[in-house]
Amino acid sequence: MDFAPSLRAAEMQERLKAFMAAHIYPRIRDHKEEIKAGKFPVTFMEDLKALARAEGLWNMFLPSLRDDEPGTRLTNLEYAPLAELMGQVSWSPEVFNCNAPDTGNMELLHMFATPAQREKWLVPLLNGEIRSAFAMTEPDVASSDATNITTSIRREGDEYVINGRKWFITNACHPNTKLFIVMGKTDPDADRRRQQSMVIVPKDAPGFDIIRNPTILNMHDPEGHAELLFKDARVPASNLLGEEGSGFALAQARLGPGRIHHCMRSIGAAEMALALMVERAQERKAFGKQLSEQGVIREWIAKSRLEIEQARLLTLKAAWKIDQVGAKEAFREISLIKVVAPNVHATVTDRAMQVFGAMGMTPDTPLADSYTWARALRYADGPDEVHLQAIARQELKNSNFGMSAQWLTPPPR
């Protein structure tokens with residue numbers, strides 16, 4: 001198990017670091033001010049995307065990328081440090097066409113799309129010309145169990161008719177979002193894992209509406225975590241992704257790498273929070289000495305470094321295992337890091353906010369937004385409790401029942 005970067009991956013890390021320093025960090029204030037002024041997408045995004053693509057920093061997340069498709073074919077292990085760097089600035093993945101939920105949708109289309117679907121939807125996504133959304137979760141059921149999904153997808157002749165309500169649908173309100181991959185039930189009487197299917201729904205499909213874009217912990221995201229309504233929405237039968245009844249399997253395929261992409265970016269966000277904490281601790285005094293000289297602050301800094309390093313190693317292990325045996329066989333490691341990374345992200349960011357005091361709650365630093373998203377990630381792609389249950393099941397299944405007997409057997413008399 002070797003986590004050392006390949007020569008190609010190490011070279012790309014250096015190029016990405018240089019790009020971030022030259023083109024992303026200097027734009028952080030501009031991005032904030034344009035969003036505050038209601039300019040979205042920001043005016044410089046397309047220029048940055050063109051520059052990133054020209055420099056070969058494009059579509060780096062897709063190991064199965066074909067030779068005739070734009071981007072760089074990297075393994076999950078090679079991609080992990082790059083995603084971490086991008087995670088330091090929440091909006092930067094879009095610059096490199098490595099942003100969720102587009103990455104997961106591109107993976108799905110790459111694996112299961114028909115030639116016509118590839119041409120209409122995958123090609124413009126790979127080129128960064130459009131954005132997309134993935135509509136699975138629903139407000140009226142516990143969507144962490146995908147078999148609970150109630151949205152109806154009914155075949156009528158050459159069309160599918162969709163009825164249902166979705167919410168927390170990331171990217172739904174982005175003006176460049178043109179397609180929604182929607183999960184619903186095509187056969188409620190089938191086996192519980194064969195009831196679901198996925199269809200591609202264009203944003204302008206009749207009967208489809210975006211109802212609202214709720215705030216998340218009172219933070220407004222212009223891309224949206226929206227609530228959607230499908231009321232006799234109709235799409236051609238050719239918009240079925242995969243085959244009827246394959247929706248659950250497709251969801252699992254999509255959520256494997258996508259879950260650790262979030263974790264990779266969380267490590268970067270935690271690193272940024274720690275860097276800000278260290279800098280602030282050396283700038284401020286309290287009770288006659290620098291914050292960095294206060295024992296409790298030093299402990300926070302040390303604990304943060306410990307936690308980040310542990311989370312990073314677990315993330316790399318999960319990425320390595322996906323590369324070796326696939327996401328299905330790596331589900332234990334994916335569940336482990338899916339619990340660990342958002343919690344480390346939130347914990348380190350919370351400490352940094354405390355060091356900044358009142359400023360840490362304001363938009364003057366990225367910490368409040370970062371903390372909000374860290375908290376949301378404890379729900380996204382399955383809540384902590386679901387992953388903890390999966391981990392516990394594996395431990396109980398694989399336990400060595402003979403071990404305790406060796407310790408508990410009384411000595412002979």
# chains A, B, ... in the order shown; residues from 1 in each chain; ligands from 1

call {"tool": "select_by_dssp", "arguments": {"residues": "segment 106-316 of chain A", "states": "strand (DSSP E)", "output": "VMD selection string"}}
result
chain A and resid 131 to 135 152 to 156 159 to 170 177 to 185 196 to 202 208 to 212 225 to 236 240 to 241 285 to 286 289 to 290

call {"tool": "residues_around", "arguments": {"residues": "segment 134-151 of chain A", "least_positions_apart": "2", "cutoff": "6 Å", "atoms": "only C-alpha atoms", "output": "ChimeraX atom specification"}}
result
/A:163-164,166-167,169,180-184,382

call {"tool": "write_last_selection", "arguments": {"atoms": "C-alpha atoms", "output": "JSON list (two decimals), in the first residue's frame"}}
result
[["chain", "number", "residue", "atom", "x", "y", "z"],
["A", 163, "ASN", "CA", -44.61, 12.72, -10.46],
["A", 164, "GLY", "CA", -42.97, 13.56, -7.15],
["A", 166, "LYS", "CA", -37.29, 16.29, -4.54],
["A", 167, "TRP", "CA", -35.20, 18.54, -2.34],
["A", 169, "ILE", "CA", -30.80, 19.20, -4.96],
["A", 180, "PHE", "CA", -31.29, 16.61, -13.97],
["A", 181, "ILE", "CA", -30.66, 12.92, -13.43],
["A", 182, "VAL", "CA", -33.81, 11.91, -11.54],
["A", 183, "MET", "CA", -34.28, 8.73, -9.51],
["A", 184, "GLY", "CA", -37.74, 7.32, -8.99],
["A", 382, "GLY", "CA", -25.71, 9.37, 3.53]]

call {"tool": "residues_around", "arguments": {"residues": "Pro41 of chain A", "least_positions_apart": "6", "cutoff": "9 Å", "atoms": "only C-alpha atoms", "output": "list in words"}}
result
Glu34, Ile35, His174, Pro175, Asn176, Pro222 and Glu223 of chain A

call {"tool": "residues_around", "arguments": {"residues": "Leu16 of chain A", "least_positions_apart": "4", "cutoff": "9 Å", "atoms": "only C-alpha atoms", "output": "list in words"}}
result
Glu11, Met12, Met20, Ala21, Leu57, Leu82, Leu85 and Met86 of chain A

call {"tool": "residues_around", "arguments": {"residues": "segment 245-253 of chain A", "least_positions_apart": "3", "cutoff": "6 Å", "atoms": "only C-alpha atoms", "output": "PDB file with N, CA and C atoms, in the first residue's frame"}}
result
ATOM      1  N   ARG A 193     -34.826  -3.535  -4.359  1.00  0.00           N
ATOM      2  CA  ARG A 193     -33.677  -2.894  -4.993  1.00  0.00           C
ATOM      3  C   ARG A 193     -33.756  -2.918  -6.510  1.00  0.00           C
ATOM      4  N   ARG A 194     -34.914  -3.305  -7.025  1.00  0.00           N
ATOM      5  CA  ARG A 194     -35.126  -3.277  -8.469  1.00  0.00           C
ATOM      6  C   ARG A 194     -36.345  -2.434  -8.832  1.00  0.00           C
ATOM      7  N   GLN A 195     -36.835  -1.659  -7.887  1.00  0.00           N
ATOM      8  CA  GLN A 195     -37.999  -0.821  -8.146  1.00  0.00           C
ATOM      9  C   GLN A 195     -37.632   0.497  -8.812  1.00  0.00           C
ATOM     10  N   GLN A 196     -36.375   0.939  -8.646  1.00  0.00           N
ATOM     11  CA  GLN A 196     -35.984   2.297  -9.008  1.00  0.00           C
ATOM     12  C   GLN A 196     -35.318   2.338 -10.383  1.00  0.00           C
ATOM     13  N   SER A 197     -35.486   3.478 -11.028  1.00  0.00           N
ATOM     14  CA  SER A 197     -34.809   3.745 -12.295  1.00  0.00           C
ATOM     15  C   SER A 197     -34.354   5.198 -12.298  1.00  0.00           C
ATOM     16  N   MET A 198     -33.506   5.536 -13.256  1.00  0.00           N
ATOM     17  CA  MET A 198     -33.053   6.923 -13.422  1.00  0.00           C
ATOM     18  C   MET A 198     -33.371   7.388 -14.827  1.00  0.00           C
ATOM     19  N   GLY A 256     -19.954   6.049  -4.865  1.00  0.00           N
ATOM     20  CA  GLY A 256     -18.670   5.565  -4.370  1.00  0.00           C
ATOM     21  C   GLY A 256     -17.570   6.604  -4.465  1.00  0.00           C
TER      22      GLY A 256
END

call {"tool": "select_by_dssp", "arguments": {"residues": "segment 193-390 of chain A", "states": "helix (DSSP H, G or I)", "output": "PDB file with C-alpha atoms, in the first residue's frame"}}
result
ATOM      1  CA  ALA A 237     -38.444   7.058 -23.174  1.00  0.00           C
ATOM      2  CA  SER A 238     -34.976   7.337 -24.714  1.00  0.00           C
ATOM      3  CA  ASN A 239     -33.997   9.474 -21.674  1.00  0.00           C
ATOM      4  CA  GLY A 247     -31.572   2.868 -10.445  1.00  0.00           C
ATOM      5  CA  PHE A 248     -30.375   1.546  -7.080  1.00  0.00           C
ATOM      6  CA  ALA A 249     -27.256   0.000  -8.622  1.00  0.00           C
ATOM      7  CA  LEU A 250     -26.551   3.211 -10.561  1.00  0.00           C
ATOM      8  CA  ALA A 251     -26.878   5.260  -7.374  1.00  0.00           C
ATOM      9  CA  GLN A 252     -24.343   3.050  -5.618  1.00  0.00           C
ATOM     10  CA  ALA A 253     -21.948   3.318  -8.549  1.00  0.00           C
ATOM     11  CA  ARG A 254     -22.259   7.082  -8.528  1.00  0.00           C
ATOM     12  CA  LEU A 255     -21.896   7.555  -4.788  1.00  0.00           C
ATOM     13  CA  GLY A 256     -18.670   5.565  -4.370  1.00  0.00           C
ATOM     14  CA  PRO A 257     -16.008   7.905  -5.803  1.00  0.00           C
ATOM     15  CA  GLY A 258     -18.251  10.939  -5.294  1.00  0.00           C
ATOM     16  CA  ARG A 259     -18.309  10.374  -1.542  1.00  0.00           C
ATOM     17  CA  ILE A 260     -14.540  10.422  -1.283  1.00  0.00           C
ATOM     18  CA  HIS A 261     -14.275  13.437  -3.597  1.00  0.00           C
ATOM     19  CA  HIS A 262     -16.202  15.331  -0.905  1.00  0.00           C
ATOM     20  CA  CYS A 263     -13.805  13.956   1.700  1.00  0.00           C
ATOM     21  CA  MET A 264     -10.757  14.986  -0.297  1.00  0.00           C
ATOM     22  CA  ARG A 265     -12.055  18.527  -0.560  1.00  0.00           C
ATOM     23  CA  SER A 266     -12.904  18.526   3.158  1.00  0.00           C
ATOM     24  CA  ILE A 267      -9.255  17.830   3.981  1.00  0.00           C
ATOM     25  CA  GLY A 268      -8.303  20.904   1.957  1.00  0.00           C
ATOM     26  CA  ALA A 269     -10.907  23.028   3.722  1.00  0.00           C
ATOM     27  CA  ALA A 270      -9.625  21.827   7.095  1.00  0.00           C
ATOM     28  CA  GLU A 271      -6.062  22.686   6.057  1.00  0.00           C
ATOM     29  CA  MET A 272      -7.189  26.182   5.117  1.00  0.00           C
ATOM     30  CA  ALA A 273      -8.931  26.569   8.487  1.00  0.00           C
ATOM     31  CA  LEU A 274      -5.820  25.420  10.341  1.00  0.00           C
ATOM     32  CA  ALA A 275      -3.619  27.832   8.384  1.00  0.00           C
ATOM     33  CA  LEU A 276      -5.950  30.709   9.256  1.00  0.00           C
ATOM     34  CA  MET A 277      -6.035  29.611  12.912  1.00  0.00           C
ATOM     35  CA  VAL A 278      -2.225  29.566  13.133  1.00  0.00           C
ATOM     36  CA  GLU A 279      -1.930  32.946  11.449  1.00  0.00           C
ATOM     37  CA  ARG A 280      -4.552  34.545  13.680  1.00  0.00           C
ATOM     38  CA  ALA A 281      -3.042  33.048  16.830  1.00  0.00           C
ATOM     39  CA  LEU A 291      -2.809  33.612  21.530  1.00  0.00           C
ATOM     40  CA  SER A 292      -0.184  31.235  20.127  1.00  0.00           C
ATOM     41  CA  GLU A 293       1.406  31.165  23.582  1.00  0.00           C
ATOM     42  CA  GLY A 295      -1.835  26.455  26.185  1.00  0.00           C
ATOM     43  CA  VAL A 296      -5.361  25.790  24.975  1.00  0.00           C
ATOM     44  CA  ILE A 297      -4.672  27.349  21.551  1.00  0.00           C
ATOM     45  CA  ARG A 298      -1.515  25.301  21.143  1.00  0.00           C
ATOM     46  CA  GLU A 299      -3.511  22.202  21.990  1.00  0.00           C
ATOM     47  CA  TRP A 300      -6.137  23.084  19.368  1.00  0.00           C
ATOM     48  CA  ILE A 301      -3.431  23.562  16.748  1.00  0.00           C
ATOM     49  CA  ALA A 302      -1.754  20.263  17.613  1.00  0.00           C
ATOM     50  CA  LYS A 303      -5.030  18.312  17.723  1.00  0.00           C
ATOM     51  CA  SER A 304      -6.053  19.802  14.381  1.00  0.00           C
ATOM     52  CA  ARG A 305      -2.820  18.645  12.775  1.00  0.00           C
ATOM     53  CA  LEU A 306      -3.256  15.161  14.220  1.00  0.00           C
ATOM     54  CA  GLU A 307      -6.843  14.888  13.003  1.00  0.00           C
ATOM     55  CA  ILE A 308      -6.112  16.206   9.508  1.00  0.00           C
ATOM     56  CA  GLU A 309      -3.213  13.812   8.999  1.00  0.00           C
ATOM     57  CA  GLN A 310      -5.284  10.847  10.174  1.00  0.00           C
ATOM     58  CA  ALA A 311      -8.196  11.822   7.914  1.00  0.00           C
ATOM     59  CA  ARG A 312      -5.890  12.327   4.948  1.00  0.00           C
ATOM     60  CA  LEU A 313      -4.342   8.877   5.349  1.00  0.00           C
ATOM     61  CA  LEU A 314      -7.767   7.263   5.587  1.00  0.00           C
ATOM     62  CA  THR A 315      -8.908   9.173   2.488  1.00  0.00           C
ATOM     63  CA  LEU A 316      -5.855   8.010   0.554  1.00  0.00           C
ATOM     64  CA  LYS A 317      -6.458   4.429   1.671  1.00  0.00           C
ATOM     65  CA  ALA A 318     -10.072   4.599   0.462  1.00  0.00           C
ATOM     66  CA  ALA A 319      -8.940   6.060  -2.879  1.00  0.00           C
ATOM     67  CA  TRP A 320      -6.238   3.401  -3.225  1.00  0.00           C
ATOM     68  CA  LYS A 321      -8.676   0.602  -2.488  1.00  0.00           C
ATOM     69  CA  ILE A 322     -11.204   1.889  -5.031  1.00  0.00           C
ATOM     70  CA  ASP A 323      -8.411   1.841  -7.613  1.00  0.00           C
ATOM     71  CA  GLN A 324      -7.417  -1.699  -6.627  1.00  0.00           C
ATOM     72  CA  VAL A 325     -10.757  -3.477  -6.249  1.00  0.00           C
ATOM     73  CA  PHE A 331     -17.435   0.394   0.706  1.00  0.00           C
ATOM     74  CA  ARG A 332     -16.099  -0.094   4.244  1.00  0.00           C
ATOM     75  CA  GLU A 333     -13.279   2.397   3.715  1.00  0.00           C
ATOM     76  CA  ILE A 334     -15.675   4.769   1.954  1.00  0.00           C
ATOM     77  CA  SER A 335     -18.042   4.644   4.938  1.00  0.00           C
ATOM     78  CA  LEU A 336     -15.162   5.200   7.361  1.00  0.00           C
ATOM     79  CA  ILE A 337     -13.849   8.305   5.654  1.00  0.00           C
ATOM     80  CA  LYS A 338     -17.353   9.607   4.933  1.00  0.00           C
ATOM     81  CA  VAL A 339     -17.869   9.845   8.710  1.00  0.00           C
ATOM     82  CA  VAL A 340     -14.384  11.032   9.605  1.00  0.00           C
ATOM     83  CA  ALA A 341     -13.674  13.751   7.036  1.00  0.00           C
ATOM     84  CA  PRO A 342     -16.743  16.017   7.489  1.00  0.00           C
ATOM     85  CA  ASN A 343     -16.352  15.811  11.264  1.00  0.00           C
ATOM     86  CA  VAL A 344     -12.663  16.759  11.091  1.00  0.00           C
ATOM     87  CA  HIS A 345     -13.575  19.535   8.653  1.00  0.00           C
ATOM     88  CA  ALA A 346     -16.195  20.858  11.086  1.00  0.00           C
ATOM     89  CA  THR A 347     -14.087  20.431  14.238  1.00  0.00           C
ATOM     90  CA  VAL A 348     -10.989  22.175  12.895  1.00  0.00           C
ATOM     91  CA  THR A 349     -13.077  24.965  11.372  1.00  0.00           C
ATOM     92  CA  ASP A 350     -14.945  25.431  14.646  1.00  0.00           C
ATOM     93  CA  ARG A 351     -11.644  25.851  16.506  1.00  0.00           C
ATOM     94  CA  ALA A 352     -10.462  28.378  13.935  1.00  0.00           C
ATOM     95  CA  MET A 353     -13.701  30.334  14.316  1.00  0.00           C
ATOM     96  CA  GLN A 354     -13.180  30.400  18.072  1.00  0.00           C
ATOM     97  CA  VAL A 355      -9.653  31.769  17.639  1.00  0.00           C
ATOM     98  CA  PHE A 356     -11.013  34.505  15.371  1.00  0.00           C
ATOM     99  CA  GLY A 357     -13.721  35.351  17.885  1.00  0.00           C
ATOM    100  CA  ALA A 358     -16.655  37.337  16.543  1.00  0.00           C
ATOM    101  CA  MET A 359     -14.995  37.742  13.146  1.00  0.00           C
ATOM    102  CA  GLY A 360     -15.164  33.993  12.667  1.00  0.00           C
ATOM    103  CA  MET A 361     -18.952  34.222  12.464  1.00  0.00           C
ATOM    104  CA  LEU A 367     -14.775  29.952   8.016  1.00  0.00           C
ATOM    105  CA  ALA A 368     -18.506  30.406   8.605  1.00  0.00           C
ATOM    106  CA  ASP A 369     -19.400  29.199   5.108  1.00  0.00           C
ATOM    107  CA  SER A 370     -16.923  26.347   5.382  1.00  0.00           C
ATOM    108  CA  TYR A 371     -18.362  25.261   8.729  1.00  0.00           C
ATOM    109  CA  THR A 372     -21.883  25.373   7.301  1.00  0.00           C
ATOM    110  CA  TRP A 373     -20.936  23.109   4.416  1.00  0.00           C
ATOM    111  CA  ALA A 374     -19.030  20.749   6.729  1.00  0.00           C
ATOM    112  CA  ARG A 375     -22.201  20.366   8.777  1.00  0.00           C
ATOM    113  CA  ALA A 376     -24.239  19.730   5.631  1.00  0.00           C
ATOM    114  CA  LEU A 377     -21.784  17.044   4.493  1.00  0.00           C
ATOM    115  CA  ASP A 384     -23.177   9.667   9.649  1.00  0.00           C
ATOM    116  CA  GLU A 385     -25.539   7.245  11.356  1.00  0.00           C
ATOM    117  CA  VAL A 386     -26.097   5.177   8.201  1.00  0.00           C
ATOM    118  CA  HIS A 387     -22.365   4.798   7.636  1.00  0.00           C
ATOM    119  CA  LEU A 388     -21.785   3.982  11.306  1.00  0.00           C
ATOM    120  CA  GLN A 389     -24.379   1.209  11.075  1.00  0.00           C
ATOM    121  CA  ALA A 390     -22.662  -0.190   7.973  1.00  0.00           C
TER     122      ALA A 390
END

call {"tool": "residues_around", "arguments": {"residues": "Val42 of chain A", "least_positions_apart": "2", "cutoff": "12 Å", "atoms": "only C-alpha atoms", "output": "list in words"}}
result
Arg27, Ile28, Arg29, Asp30, His31, Lys32, Glu33, Glu34, Ile35, Lys36, Ala37, Gly38, Lys39, Phe40, Phe44, Met45, Glu46, Asp47, Leu48, Lys49, Trp91, Ser92, Glu94, Val95, His174, Pro175, Pro222 and Glu223 of chain A
